[in-house]
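So this block is data38.txt, compact mmCIF, C-alpha atoms:
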```txt
# COMPACT_ATOMS: atom_id res chain seq x y z
CA MET A 378 19.27 90.17 21.76
CA ASN A 379 17.79 87.73 24.22
CA ASN A 380 19.93 86.24 26.93
CA ASP A 381 19.32 82.51 27.01
CA LYS A 382 19.44 81.30 30.60
CA ARG A 383 19.16 77.66 29.62
CA ALA A 384 22.33 75.91 28.65
CA LYS A 385 21.78 74.01 25.45
CA THR A 386 23.85 72.43 22.74
CA ILE A 387 22.85 71.87 19.14
CA PHE A 388 24.35 68.91 17.30
CA ALA A 389 23.96 68.59 13.53
CA VAL A 390 24.34 65.11 12.06
CA GLY A 391 25.22 65.20 8.37
CA GLY A 392 27.19 63.48 5.65
CA GLY A 393 27.72 63.47 1.94
CA LYS A 394 26.04 60.16 1.16
CA GLY A 395 22.68 58.62 1.97
CA GLY A 396 22.36 55.20 3.56
CA VAL A 397 25.36 55.46 5.90
CA GLY A 398 23.25 55.34 9.08
CA LYS A 399 22.85 59.01 10.01
CA SER A 400 19.26 58.76 11.19
CA ILE A 401 19.84 55.61 13.24
CA PHE A 402 22.87 57.27 14.84
CA SER A 403 20.84 60.43 15.60
CA VAL A 404 18.09 58.44 17.30
CA ALA A 405 20.60 56.33 19.26
CA LEU A 406 22.52 59.41 20.36
CA GLY A 407 19.34 61.17 21.47
CA THR A 408 18.00 58.10 23.26
CA LEU A 409 21.13 57.51 25.33
CA LEU A 410 21.49 61.22 26.17
CA ALA A 411 17.85 61.21 27.34
CA ASN A 412 18.55 58.08 29.39
CA ALA A 413 21.41 60.01 31.03
CA GLY A 414 18.97 62.69 32.20
CA TYR A 415 19.34 65.37 29.52
CA SER A 416 16.21 66.83 27.96
CA VAL A 417 16.64 66.12 24.26
CA VAL A 418 14.80 67.13 21.09
CA LEU A 419 15.38 65.13 17.91
CA THR A 420 14.72 67.40 14.93
CA ASP A 421 14.23 65.84 11.51
CA LEU A 422 15.63 68.28 8.95
CA ASP A 423 16.01 65.73 6.19
CA LEU A 424 13.26 67.69 4.49
CA GLY A 425 11.64 65.59 1.81
CA ALA A 426 12.97 62.24 3.07
CA ALA A 427 12.25 62.36 6.79
CA ASN A 428 12.39 59.09 8.72
CA LEU A 429 13.20 59.81 12.39
CA HIS A 430 9.56 59.24 13.34
CA ALA A 431 9.71 55.75 11.81
CA CYS A 432 12.96 54.95 13.65
CA MET A 433 11.15 55.87 16.87
CA GLY A 434 8.19 53.63 15.97
CA ILE A 435 5.87 56.61 15.50
CA LEU A 436 3.77 55.69 12.47
CA ARG A 437 0.57 57.57 13.28
CA LYS A 438 -0.32 60.99 11.90
CA THR A 439 1.43 63.65 13.98
CA PRO A 440 2.24 67.36 13.78
CA SER A 441 5.31 68.01 11.65
CA ILE A 442 7.61 70.79 10.57
CA ALA A 443 5.29 71.29 7.58
CA ASP A 444 2.78 72.81 10.02
CA PHE A 445 5.40 75.36 11.05
CA ILE A 446 6.39 76.17 7.47
CA LEU A 447 2.72 76.66 6.54
CA LYS A 448 2.25 78.91 9.62
CA LYS A 449 -0.35 76.62 11.15
CA VAL A 450 1.59 76.91 14.41
CA PRO A 451 3.66 79.89 15.62
CA SER A 452 6.69 77.98 16.89
CA LEU A 453 8.52 74.69 16.69
CA GLU A 454 7.75 74.14 20.34
CA ASP A 455 4.09 73.73 19.35
CA ILE A 456 4.86 70.64 17.27
CA LEU A 457 7.01 68.77 19.79
CA ILE A 458 5.95 65.12 19.90
CA GLU A 459 6.30 63.01 23.01
CA THR A 460 8.10 59.73 22.45
CA SER A 461 8.13 56.49 24.40
CA ARG A 462 11.29 57.67 26.16
CA LYS A 463 11.43 60.01 29.11
CA ASN A 464 13.20 63.33 28.35
CA LEU A 465 13.08 62.68 24.59
CA HIS A 466 10.87 64.65 22.19
CA LEU A 467 10.70 64.70 18.41
CA ILE A 468 10.06 67.29 15.73
CA SER A 469 8.92 65.25 12.75
CA GLY A 470 9.50 66.10 9.12
CA ALA A 471 7.08 63.45 7.93
CA ASP A 472 4.64 65.53 5.84
CA PHE A 473 6.26 66.38 2.53
CA LEU A 474 5.41 69.67 0.82
CA PRO A 475 6.49 70.68 -2.70
CA GLY A 476 9.60 72.81 -2.28
CA MET A 477 10.04 71.87 1.38
CA ALA A 478 13.35 70.13 0.67
CA ASN A 479 14.81 73.49 -0.38
CA PRO A 480 13.23 76.18 1.81
CA ALA A 481 13.73 79.88 1.11
CA TYR A 482 16.63 81.53 2.92
CA TRP A 483 14.35 83.52 5.22
CA MET A 484 12.57 80.32 6.22
CA LYS A 485 15.89 78.60 7.03
CA LEU A 486 16.80 81.53 9.27
CA LYS A 487 13.43 81.30 10.97
CA ILE A 488 13.81 77.56 11.54
CA MET A 489 17.31 78.09 12.93
CA ARG A 490 16.10 80.75 15.39
CA HIS A 491 13.27 78.54 16.62
CA ILE A 492 15.56 75.54 17.00
CA ARG A 493 17.87 77.61 19.17
CA SER A 494 14.94 78.56 21.41
CA LEU A 495 13.61 75.03 21.96
CA PRO A 496 13.24 74.14 25.66
CA ALA A 497 15.87 71.42 25.80
CA ASP A 498 19.38 70.79 27.03
CA ILE A 499 20.35 69.21 23.71
CA VAL A 500 18.90 69.47 20.20
CA ILE A 501 20.01 66.93 17.58
CA MET A 502 19.34 67.93 13.98
CA ASP A 503 19.29 65.02 11.54
CA LEU A 504 20.15 66.48 8.12
CA GLY A 505 19.68 65.24 4.61
CA ALA A 506 22.52 63.78 2.58
CA GLY A 507 24.43 65.84 0.03
CA VAL A 508 25.75 69.38 -0.18
CA HIS A 509 22.59 71.38 -0.74
CA PHE A 510 22.85 74.88 0.70
CA ASN A 511 20.06 74.33 3.22
CA THR A 512 21.82 71.23 4.59
CA LEU A 513 25.15 73.07 4.84
CA ASP A 514 23.48 76.07 6.48
CA PHE A 515 21.85 73.93 9.16
CA PHE A 516 25.18 72.16 9.72
CA GLY A 517 26.97 75.50 10.07
CA VAL A 518 24.60 76.88 12.70
CA ALA A 519 25.16 73.95 15.07
CA ASP A 520 27.41 74.14 18.09
CA ARG A 521 29.02 70.90 16.89
CA GLY A 522 28.70 69.17 13.57
CA ILE A 523 28.96 65.37 13.34
CA VAL A 524 29.74 63.72 10.01
CA VAL A 525 28.70 60.08 9.66
CA THR A 526 30.32 57.97 6.96
CA ALA A 527 31.12 54.35 6.15
CA PRO A 528 34.53 52.79 5.36
CA GLU A 529 33.81 52.71 1.64
CA PRO A 530 35.54 54.80 -1.08
CA GLY A 531 32.37 56.54 -2.28
CA ALA A 532 31.11 57.34 1.20
CA VAL A 533 34.48 58.69 2.36
CA MET A 534 34.93 60.96 -0.67
CA ASN A 535 31.37 62.23 -0.30
CA ALA A 536 32.10 62.95 3.36
CA TYR A 537 35.11 65.02 2.32
CA GLY A 538 32.97 66.93 -0.20
CA PHE A 539 30.40 67.60 2.53
CA ILE A 540 33.03 68.89 4.97
CA LYS A 541 34.61 71.13 2.34
CA GLY A 542 31.20 72.44 1.28
CA ALA A 543 30.22 73.19 4.88
CA LEU A 544 33.46 75.08 5.50
CA PHE A 545 33.16 77.23 2.39
CA ARG A 546 29.48 77.85 3.11
CA LYS A 547 30.47 79.12 6.56
CA LEU A 548 33.07 81.42 5.00
CA GLN A 549 30.46 82.59 2.52
CA SER A 550 28.11 83.54 5.36
CA ILE A 551 30.86 85.70 6.88
CA PHE A 552 32.26 87.35 3.77
CA ARG A 553 29.14 87.49 1.58
CA LYS A 554 28.88 91.30 1.78
CA HIS A 555 32.57 92.01 1.26
CA PRO A 556 32.81 93.68 -2.19
CA ASP A 557 35.79 91.61 -3.34
CA ILE A 558 35.79 88.41 -1.28
CA GLY A 559 32.04 87.75 -1.51
CA PRO A 560 32.09 87.39 -5.33
CA LEU A 561 35.20 85.18 -5.08
CA ILE A 562 33.36 82.65 -2.90
CA ASP A 563 30.18 82.91 -4.99
CA SER A 564 32.05 82.02 -8.18
CA GLU A 565 33.79 79.17 -6.36
CA SER A 566 30.49 77.69 -5.18
CA LYS A 567 29.29 77.41 -8.79
CA LYS A 568 32.26 75.39 -10.03
CA THR A 569 32.30 71.64 -10.44
CA GLU A 570 35.02 69.45 -8.97
CA GLY A 571 36.68 69.21 -12.39
CA GLU A 572 37.12 72.98 -12.73
CA GLY A 573 40.09 73.42 -10.42
CA ARG A 574 38.17 74.32 -7.32
CA LEU A 575 39.75 76.51 -4.69
CA THR A 576 41.40 74.97 -1.63
CA LEU A 577 41.29 76.81 1.68
CA ASP A 578 45.01 77.52 1.35
CA LYS A 579 44.51 79.19 -2.04
CA PHE A 580 41.47 81.05 -0.76
CA THR A 581 43.46 82.35 2.22
CA LYS A 582 46.22 83.59 -0.09
CA GLU A 583 43.67 85.40 -2.24
CA VAL A 584 42.14 87.05 0.83
CA ILE A 585 45.57 88.16 2.07
CA LYS A 586 46.17 89.81 -1.32
CA ILE A 587 42.86 91.65 -1.02
CA ASP A 588 43.04 92.56 2.67
CA PRO A 589 45.83 91.13 4.89
CA ASP A 590 43.99 92.26 8.05
CA LEU A 591 41.35 89.60 7.43
CA TYR A 592 43.75 86.67 7.84
CA PRO A 593 43.20 86.33 11.62
CA LEU A 594 39.46 85.96 11.01
CA ILE A 595 40.00 83.08 8.57
CA SER A 596 42.31 81.43 11.11
CA GLU A 597 39.58 81.70 13.75
CA VAL A 598 37.09 80.01 11.44
CA GLU A 599 39.56 77.20 10.69
CA GLN A 600 40.21 76.60 14.37
CA SER A 601 36.54 76.69 15.37
CA PHE A 602 35.37 74.45 12.51
CA THR A 603 36.16 71.03 13.94
CA PRO A 604 33.59 68.50 12.71
CA ALA A 605 33.39 65.23 14.61
CA LEU A 606 33.74 62.08 12.53
CA VAL A 607 31.77 58.89 13.20
CA VAL A 608 32.45 55.83 11.05
CA ASN A 609 29.62 53.33 10.78
CA ARG A 610 29.70 49.60 10.02
CA VAL A 611 33.28 49.03 11.09
CA PRO A 612 34.18 45.36 11.67
CA ALA A 613 35.30 44.64 15.22
CA GLY A 614 38.93 45.53 15.91
CA GLN A 615 39.51 47.14 12.52
CA SER A 616 40.38 50.66 11.42
CA HIS A 617 40.35 51.69 7.80
CA VAL A 618 42.97 53.40 5.67
CA LEU A 619 40.26 55.37 3.84
CA VAL A 620 39.23 57.04 7.10
CA ARG A 621 42.82 57.94 7.90
CA ASN A 622 43.12 59.38 4.41
CA LEU A 623 39.98 61.47 4.97
CA ILE A 624 41.40 62.97 8.16
CA ALA A 625 44.73 63.66 6.44
CA LEU A 626 42.96 65.22 3.44
CA CYS A 627 41.01 67.59 5.69
CA THR A 628 44.23 68.66 7.38
CA GLU A 629 46.30 69.08 4.23
CA LYS A 630 43.70 70.52 1.84
CA LEU A 631 41.36 72.37 4.19
CA GLY A 632 43.63 73.17 7.11
CA ILE A 633 41.07 71.91 9.63
CA LYS A 634 41.16 69.35 12.39
CA MET A 635 38.79 66.40 12.17
CA ASP A 636 38.00 64.76 15.49
CA HIS A 637 37.46 61.04 14.96
CA VAL A 638 35.15 60.49 17.94
CA GLY A 639 34.36 56.84 17.40
CA ASN A 640 33.29 53.90 15.25
CA LEU A 641 29.97 52.08 15.15
CA PRO A 642 29.95 48.29 14.79
CA ASP A 643 28.59 46.47 11.77
CA SER A 644 25.46 45.24 13.60
CA ARG A 645 23.37 43.16 11.20
CA ASP A 646 20.70 42.61 13.87
CA ILE A 647 19.77 46.28 13.64
CA SER A 648 17.69 45.50 10.55
CA ASP A 649 15.17 43.77 12.83
CA PHE A 650 14.66 47.00 14.81
CA LEU A 651 14.37 49.68 12.09
CA LEU A 652 10.99 50.73 13.51
CA ASN A 653 12.26 50.67 17.09
CA ILE A 654 15.85 51.86 17.40
CA PRO A 655 15.48 52.60 21.15
CA GLY A 656 14.35 48.98 21.56
CA PHE A 657 17.47 47.83 19.73
CA LEU A 658 19.60 49.72 22.23
CA ASP A 659 17.82 47.93 25.08
CA ALA A 660 18.19 44.51 23.50
CA LYS A 661 21.11 42.14 23.90
CA ALA A 662 21.75 42.45 20.15
CA GLY A 663 22.36 46.18 20.59
CA LYS A 664 24.98 45.89 23.33
CA LEU A 665 28.00 46.67 21.13
CA TYR A 666 26.22 49.52 19.34
CA ARG A 667 25.04 50.98 22.65
CA SER A 668 28.56 50.79 24.05
CA ALA A 669 29.94 52.54 20.96
CA ILE A 670 27.41 55.40 21.29
CA LYS A 671 28.29 55.83 24.96
CA GLY A 672 31.95 56.07 24.00
CA ILE A 673 31.14 58.74 21.42
CA ILE A 674 29.16 60.72 24.01
CA ASP A 675 32.14 60.61 26.36
CA THR A 676 34.52 61.73 23.61
CA LEU A 677 32.21 64.61 22.63
CA ASN A 678 32.37 65.90 26.23
CA VAL A 679 28.64 66.58 26.20
CA SER A 680 28.52 67.57 29.88
CA ASP A 681 31.09 70.32 29.25
CA LEU A 682 29.23 71.59 26.18
CA THR A 683 25.88 71.95 27.93
CA VAL A 684 27.18 73.86 30.96
CA PRO A 685 28.31 77.45 30.26
CA GLN A 686 31.88 78.14 31.29
CA LYS A 687 32.43 80.56 34.14
CA GLY A 688 32.05 84.13 32.95
CA GLN A 689 30.65 83.10 29.57
CA ARG A 690 27.58 85.03 28.54
CA LYS A 691 25.32 83.14 26.18
CA ALA A 692 23.18 85.35 23.96
CA GLU A 693 21.15 85.03 20.80
CA PHE A 694 21.38 87.52 17.98
CA SER A 695 18.77 87.77 15.27
CA ASP A 696 19.77 88.79 11.75
CA GLU A 697 18.29 92.21 12.49
CA ASP A 698 20.51 92.50 15.59
CA VAL A 699 23.60 91.66 13.54
CA GLU A 700 22.85 94.19 10.81
CA ARG A 701 21.99 96.91 13.32
CA ILE A 702 25.22 96.45 15.29
CA ILE A 703 27.24 96.49 12.07
CA LYS A 704 25.68 99.89 11.26
CA VAL A 705 26.64 101.10 14.76
CA ILE A 706 30.22 99.91 14.20
CA GLU A 707 30.36 101.92 10.97
CA TRP A 708 29.74 105.25 12.67
CA LEU A 709 31.63 104.70 15.95
CA ASP A 710 34.69 106.90 16.52
CA ASP A 711 38.02 105.59 15.22
CA SER A 712 39.43 105.66 18.75
CA ILE A 713 37.17 102.71 19.68
CA PHE A 714 39.13 100.53 17.25
CA SER A 715 42.61 101.74 18.15
CA GLY A 716 45.06 98.89 17.60
CA THR A 717 42.45 96.77 15.83
CA ASN A 718 40.56 96.77 12.54
CA ARG A 719 37.01 98.07 12.20
CA GLU A 720 36.24 95.96 9.11
CA VAL A 721 37.34 92.74 10.84
CA TRP A 722 34.98 93.43 13.74
CA LYS A 723 32.12 94.02 11.29
CA LEU A 724 32.76 90.67 9.61
CA ARG A 725 33.17 88.94 12.96
CA MET A 726 29.54 89.86 13.70
CA TYR A 727 28.57 87.13 11.22
CA PHE A 728 30.79 84.64 13.03
CA ASN A 729 30.93 85.46 16.75
CA PRO A 730 28.61 88.37 17.63
CA SER A 731 28.94 87.88 21.39
CA GLU A 732 32.68 88.49 21.15
CA VAL A 733 32.08 91.71 19.20
CA VAL A 734 29.59 93.02 21.75
CA ASP A 735 32.00 92.17 24.60
CA PHE A 736 34.84 93.97 22.77
CA LEU A 737 32.74 97.08 22.18
CA ALA A 738 31.62 97.09 25.81
CA SER A 739 35.28 96.89 26.89
CA ARG A 740 35.92 100.02 24.81
CA GLY A 741 33.11 101.93 26.54
CA VAL A 742 30.24 101.39 24.09
CA SER A 743 27.02 100.96 26.07
CA TYR A 744 24.49 98.21 25.54
CA GLU A 745 21.87 100.93 24.93
CA THR A 746 23.93 102.27 22.03
CA LEU A 747 24.11 98.82 20.44
CA SER A 748 20.39 98.21 20.96
CA SER A 749 19.20 101.49 19.43
CA GLU A 750 18.46 102.09 15.78
```
Step by step, read the file and then write its structure as structure tokens.
Amino acid sequence: MNNDKRAKTIFAVGGGKGGVGKSIFSVALGTLLANAGYSVVLTDLDLGAANLHACMGILRKTPSIADFILKKVPSLEDILIETSRKNLHLISGADFLPGMANPAYWMKLKIMRHIRSLPADIVIMDLGAGVHFNTLDFFGVADRGIVVTAPEPGAVMNAYGFIKGALFRKLQSIFRKHPDIGPLIDSESKKTEGEGRLTLDKFTKEVIKIDPDLYPLISEVEQSFTPALVVNRVPAGQSHVLVRNLIALCTEKLGIKMDHVGNLPDSRDISDFLLNIPGFLDAKAGKLYRSAIKGIIDTLNVSDLTVPQKGQRKAEFSDEDVERIIKVIEWLDDSIFSGTNREVWKLRMYFNPSEVVDFLASRGVSYETLSSE
């Protein structure tokens, strides 16, 4: 466990449908945050269809995440690319490798760990479209997920599918080793939409039947999973009933709160700046879009996210740390868990390990005990 003394926030920008403006939004968000003085790293994780480098006007051959995957460099920090903007760096995904769009699980974990250790205040991960497991996993590891959609029926329904997939993937990561609940989620993930897929409400009821003590953990996940919604190409002064329906659907079917953090204007002039999105933000034609991004930054409360709250200890836990502490929990005396549930604390290690360590410390378990094999 390595204490991270630098405050940093990871945003993941995703969505269920391609062509809704995710990459342009990611670049605009990163550019304006860098202009505000934050050190920002744009990370292109649309593996197989990367385009952030082009949006930044970087068309030359550069290092890319392929170099990291092929072990040509030891860390993501070694492939950081300077951009034309102060405080803004890029990790390119430009070089396509066979199989790179669907990396092995261990490689995803490695990428996630290295992203968390990047020397930046803010990391913005631009994800691929769709509900592939690697996309959902990257979305789930972020401090805040942002879903970009357009006010069109197909885009909105795909956004809902993405949000639902990300939530169930997060639950799967927590309960995957539970003997009864893990198989329930696995079978659910293999169903098609026409096979009567499980809602969160039905899933919660099934879990309560299996183990009622796990209900508080599901409630915690629901409350912490609050994707931010950005709607692109919205005509001036208009809202859209489809977007309201999406928010209502997430509340009624998934039991989660969607934060609609802003709309982006339908700026046709942006097509003239596809190889220079920062230049578009500087231009007169980009005034409305720039203003919309600034409003979204204010709504996201970025300054609060990047500064640790008083008394909050920020720590990183590798997968080995998590598994080791779970083993420690298994053999600790029952008195440590008086008034609580040992199994819930084990599962919470997959969700909020810092809270588990703090709880154990409050019950007299030493850091040395948790750190030993």
### Message
So the first atom is CA of Asn511 (chain A) and the second is CA of Tyr592 (chain A); what is the distance between them in Å, to one decimal place?
### Response
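These two atoms are separated by 27.1 Å.
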Please list as a PDB file with C-alpha atoms, keeping the file's coordinate frame every residue within 8 Å of Leu495 (chain A), counting all atoms listed in the file and excluding residues in the same chain fewer than 5 positions away.
```pdb
ATOM      1  CA  LEU A 453       8.520  74.690  16.690  1.00  0.00           C
ATOM      2  CA  GLU A 454       7.750  74.140  20.340  1.00  0.00           C
ATOM      3  CA  VAL A 500      18.900  69.470  20.200  1.00  0.00           C
TER       4      VAL A 500
END
```
Per residue of region 461-530 of chain A within 9 Å of region 412-436 of chain A, which atom pair is closest and at what distance in Å (one decimal), using all atoms listed in the file, listed by chain and increasing number, as JSON lines?
```
{"residue": "A:Ser461", "atom": "CA", "partner": "A:Met433", "partner_atom": "CA", "distance": 8.1}
{"residue": "A:Arg462", "atom": "CA", "partner": "A:Asn412", "partner_atom": "CA", "distance": 8.0}
{"residue": "A:Lys463", "atom": "CA", "partner": "A:Asn412", "partner_atom": "CA", "distance": 7.4}
{"residue": "A:Asn464", "atom": "CA", "partner": "A:Ser416", "partner_atom": "CA", "distance": 4.6}
{"residue": "A:Leu465", "atom": "CA", "partner": "A:Val417", "partner_atom": "CA", "distance": 5.0}
{"residue": "A:His466", "atom": "CA", "partner": "A:Val418", "partner_atom": "CA", "distance": 4.8}
{"residue": "A:Leu467", "atom": "CA", "partner": "A:Leu419", "partner_atom": "CA", "distance": 4.7}
{"residue": "A:Ile468", "atom": "CA", "partner": "A:Thr420", "partner_atom": "CA", "distance": 4.7}
{"residue": "A:Ser469", "atom": "CA", "partner": "A:Asp421", "partner_atom": "CA", "distance": 5.5}
{"residue": "A:Gly470", "atom": "CA", "partner": "A:Ala427", "partner_atom": "CA", "distance": 5.2}
{"residue": "A:Ala471", "atom": "CA", "partner": "A:Ala427", "partner_atom": "CA", "distance": 5.4}
{"residue": "A:Asp472", "atom": "CA", "partner": "A:Gly425", "partner_atom": "CA", "distance": 8.1}
{"residue": "A:Phe473", "atom": "CA", "partner": "A:Gly425", "partner_atom": "CA", "distance": 5.5}
{"residue": "A:Leu474", "atom": "CA", "partner": "A:Gly425", "partner_atom": "CA", "distance": 7.5}
{"residue": "A:Pro475", "atom": "CA", "partner": "A:Gly425", "partner_atom": "CA", "distance": 8.5}
{"residue": "A:Gly476", "atom": "CA", "partner": "A:Gly425", "partner_atom": "CA", "distance": 8.5}
{"residue": "A:Met477", "atom": "CA", "partner": "A:Leu424", "partner_atom": "CA", "distance": 6.1}
{"residue": "A:Ala478", "atom": "CA", "partner": "A:Leu424", "partner_atom": "CA", "distance": 4.5}
{"residue": "A:Asn479", "atom": "CA", "partner": "A:Leu424", "partner_atom": "CA", "distance": 7.7}
{"residue": "A:Pro480", "atom": "CA", "partner": "A:Leu424", "partner_atom": "CA", "distance": 8.9}
{"residue": "A:Ile492", "atom": "CA", "partner": "A:Thr420", "partner_atom": "CA", "distance": 8.4}
{"residue": "A:Leu495", "atom": "CA", "partner": "A:Val418", "partner_atom": "CA", "distance": 8.0}
{"residue": "A:Pro496", "atom": "CA", "partner": "A:Ser416", "partner_atom": "CA", "distance": 8.2}
{"residue": "A:Ala497", "atom": "CA", "partner": "A:Ser416", "partner_atom": "CA", "distance": 5.1}
{"residue": "A:Asp498", "atom": "CA", "partner": "A:Ser416", "partner_atom": "CA", "distance": 5.2}
{"residue": "A:Ile499", "atom": "CA", "partner": "A:Val417", "partner_atom": "CA", "distance": 4.9}
{"residue": "A:Val500", "atom": "CA", "partner": "A:Val418", "partner_atom": "CA", "distance": 4.8}
{"residue": "A:Ile501", "atom": "CA", "partner": "A:Leu419", "partner_atom": "CA", "distance": 5.0}
{"residue": "A:Met502", "atom": "CA", "partner": "A:Thr420", "partner_atom": "CA", "distance": 4.7}
{"residue": "A:Asp503", "atom": "CA", "partner": "A:Asp421", "partner_atom": "CA", "distance": 5.1}
{"residue": "A:Leu504", "atom": "CA", "partner": "A:Asp423", "partner_atom": "CA", "distance": 4.6}
{"residue": "A:Gly505", "atom": "CA", "partner": "A:Asp423", "partner_atom": "CA", "distance": 4.0}
{"residue": "A:Ala506", "atom": "CA", "partner": "A:Asp423", "partner_atom": "CA", "distance": 7.7}
{"residue": "A:Thr512", "atom": "CA", "partner": "A:Leu422", "partner_atom": "CA", "distance": 8.1}
{"residue": "A:Phe515", "atom": "CA", "partner": "A:Leu422", "partner_atom": "CA", "distance": 8.4}
```
### Query
Taking (0.4, 68.5, 11.9) in the file's coordinates, which residues come within 10 Å, counting all atoms listed in the file, written as JSON, numbers by chain?
{"A": [438, 439, 440, 441, 442, 443, 444, 445, 449, 450, 455, 456, 469, 470, 471, 472]}
### Summary
Using only C-alpha atoms, the shortest atom-to-atom distance to Thr717 (chain A) among A:Asp590, A:Glu583, A:Asp578, A:Glu629 belongs to A:Asp590
#### Entry: Atom pair CA of Leu406 (chain A) / CA of Leu606 (chain A): separation (Å)
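One can read the CA of Leu406 (chain A) to CA of Leu606 (chain A) distance as 13.9 Å.
Here the question is which of A:Met534, A:Leu447, A:Ala660, A:Ile585 gets nearest to Asn622 (chain A) using all atoms listed in the file, and that residue is A:Met534.
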### Task
Could you please determine the separation between CA of Asp681 (chain A) and CA of Asp735 (chain A) in Å, to one decimal place?
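Those two atoms sit 22.4 Å apart.
Closest to Gly559 (chain A) among A:Ile540, A:Val584, A:Pro612, A:Asp710 is A:Val584, based on only C-alpha atoms.
Distances from A:Asp563, A:Glu700, A:Glu720, A:Asp649 to Gly663 (chain A) were compared using only C-alpha atoms, and the smallest one belongs to A:Asp649.
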### Query
A:Arg645, A:Arg610, A:Lys671, A:His637: which is nearest Ala527 (chain A), counting only C-alpha atoms?
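Nearest candidate to Ala527 (chain A) out of A:Arg645, A:Arg610, A:Lys671, A:His637: A:Arg610.
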Any chance you could build region 386-399 of chain A out to N, CA and C atoms and write it as a short mmCIF file (atom, residue, chain, number, x, y, z; two decimals), keeping the file's coordinate frame?
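Output file out.cif follows:
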```cif
data_model
loop_
_atom_site.label_atom_id
_atom_site.label_comp_id
_atom_site.auth_asym_id
_atom_site.auth_seq_id
_atom_site.Cartn_x
_atom_site.Cartn_y
_atom_site.Cartn_z
N THR A 386 22.91 72.73 23.80
CA THR A 386 23.85 72.43 22.74
C THR A 386 23.09 71.89 21.54
N ILE A 387 23.46 72.36 20.37
CA ILE A 387 22.85 71.87 19.14
C ILE A 387 23.88 71.04 18.38
N PHE A 388 23.54 69.78 18.15
CA PHE A 388 24.35 68.91 17.30
C PHE A 388 23.67 68.81 15.93
N ALA A 389 24.46 68.85 14.88
CA ALA A 389 23.96 68.59 13.53
C ALA A 389 24.63 67.33 13.02
N VAL A 390 23.82 66.38 12.57
CA VAL A 390 24.34 65.11 12.06
C VAL A 390 24.16 65.11 10.54
N GLY A 391 25.27 65.13 9.83
CA GLY A 391 25.22 65.20 8.37
C GLY A 391 26.19 64.24 7.72
N GLY A 392 26.27 64.33 6.41
CA GLY A 392 27.19 63.48 5.65
C GLY A 392 26.91 63.63 4.18
N GLY A 393 27.86 63.25 3.36
CA GLY A 393 27.72 63.47 1.94
C GLY A 393 26.92 62.41 1.22
N LYS A 394 26.65 61.28 1.85
CA LYS A 394 26.04 60.16 1.16
C LYS A 394 24.87 59.60 1.97
N GLY A 395 23.80 59.25 1.29
CA GLY A 395 22.68 58.62 1.97
C GLY A 395 22.97 57.16 2.29
N GLY A 396 22.24 56.61 3.24
CA GLY A 396 22.36 55.20 3.56
C GLY A 396 23.55 54.81 4.42
N VAL A 397 24.20 55.80 5.06
CA VAL A 397 25.36 55.46 5.90
C VAL A 397 24.97 55.35 7.37
N GLY A 398 23.69 55.53 7.71
CA GLY A 398 23.25 55.34 9.08
C GLY A 398 23.12 56.60 9.91
N LYS A 399 22.96 57.75 9.27
CA LYS A 399 22.85 59.01 10.01
C LYS A 399 21.64 59.03 10.94
#
```
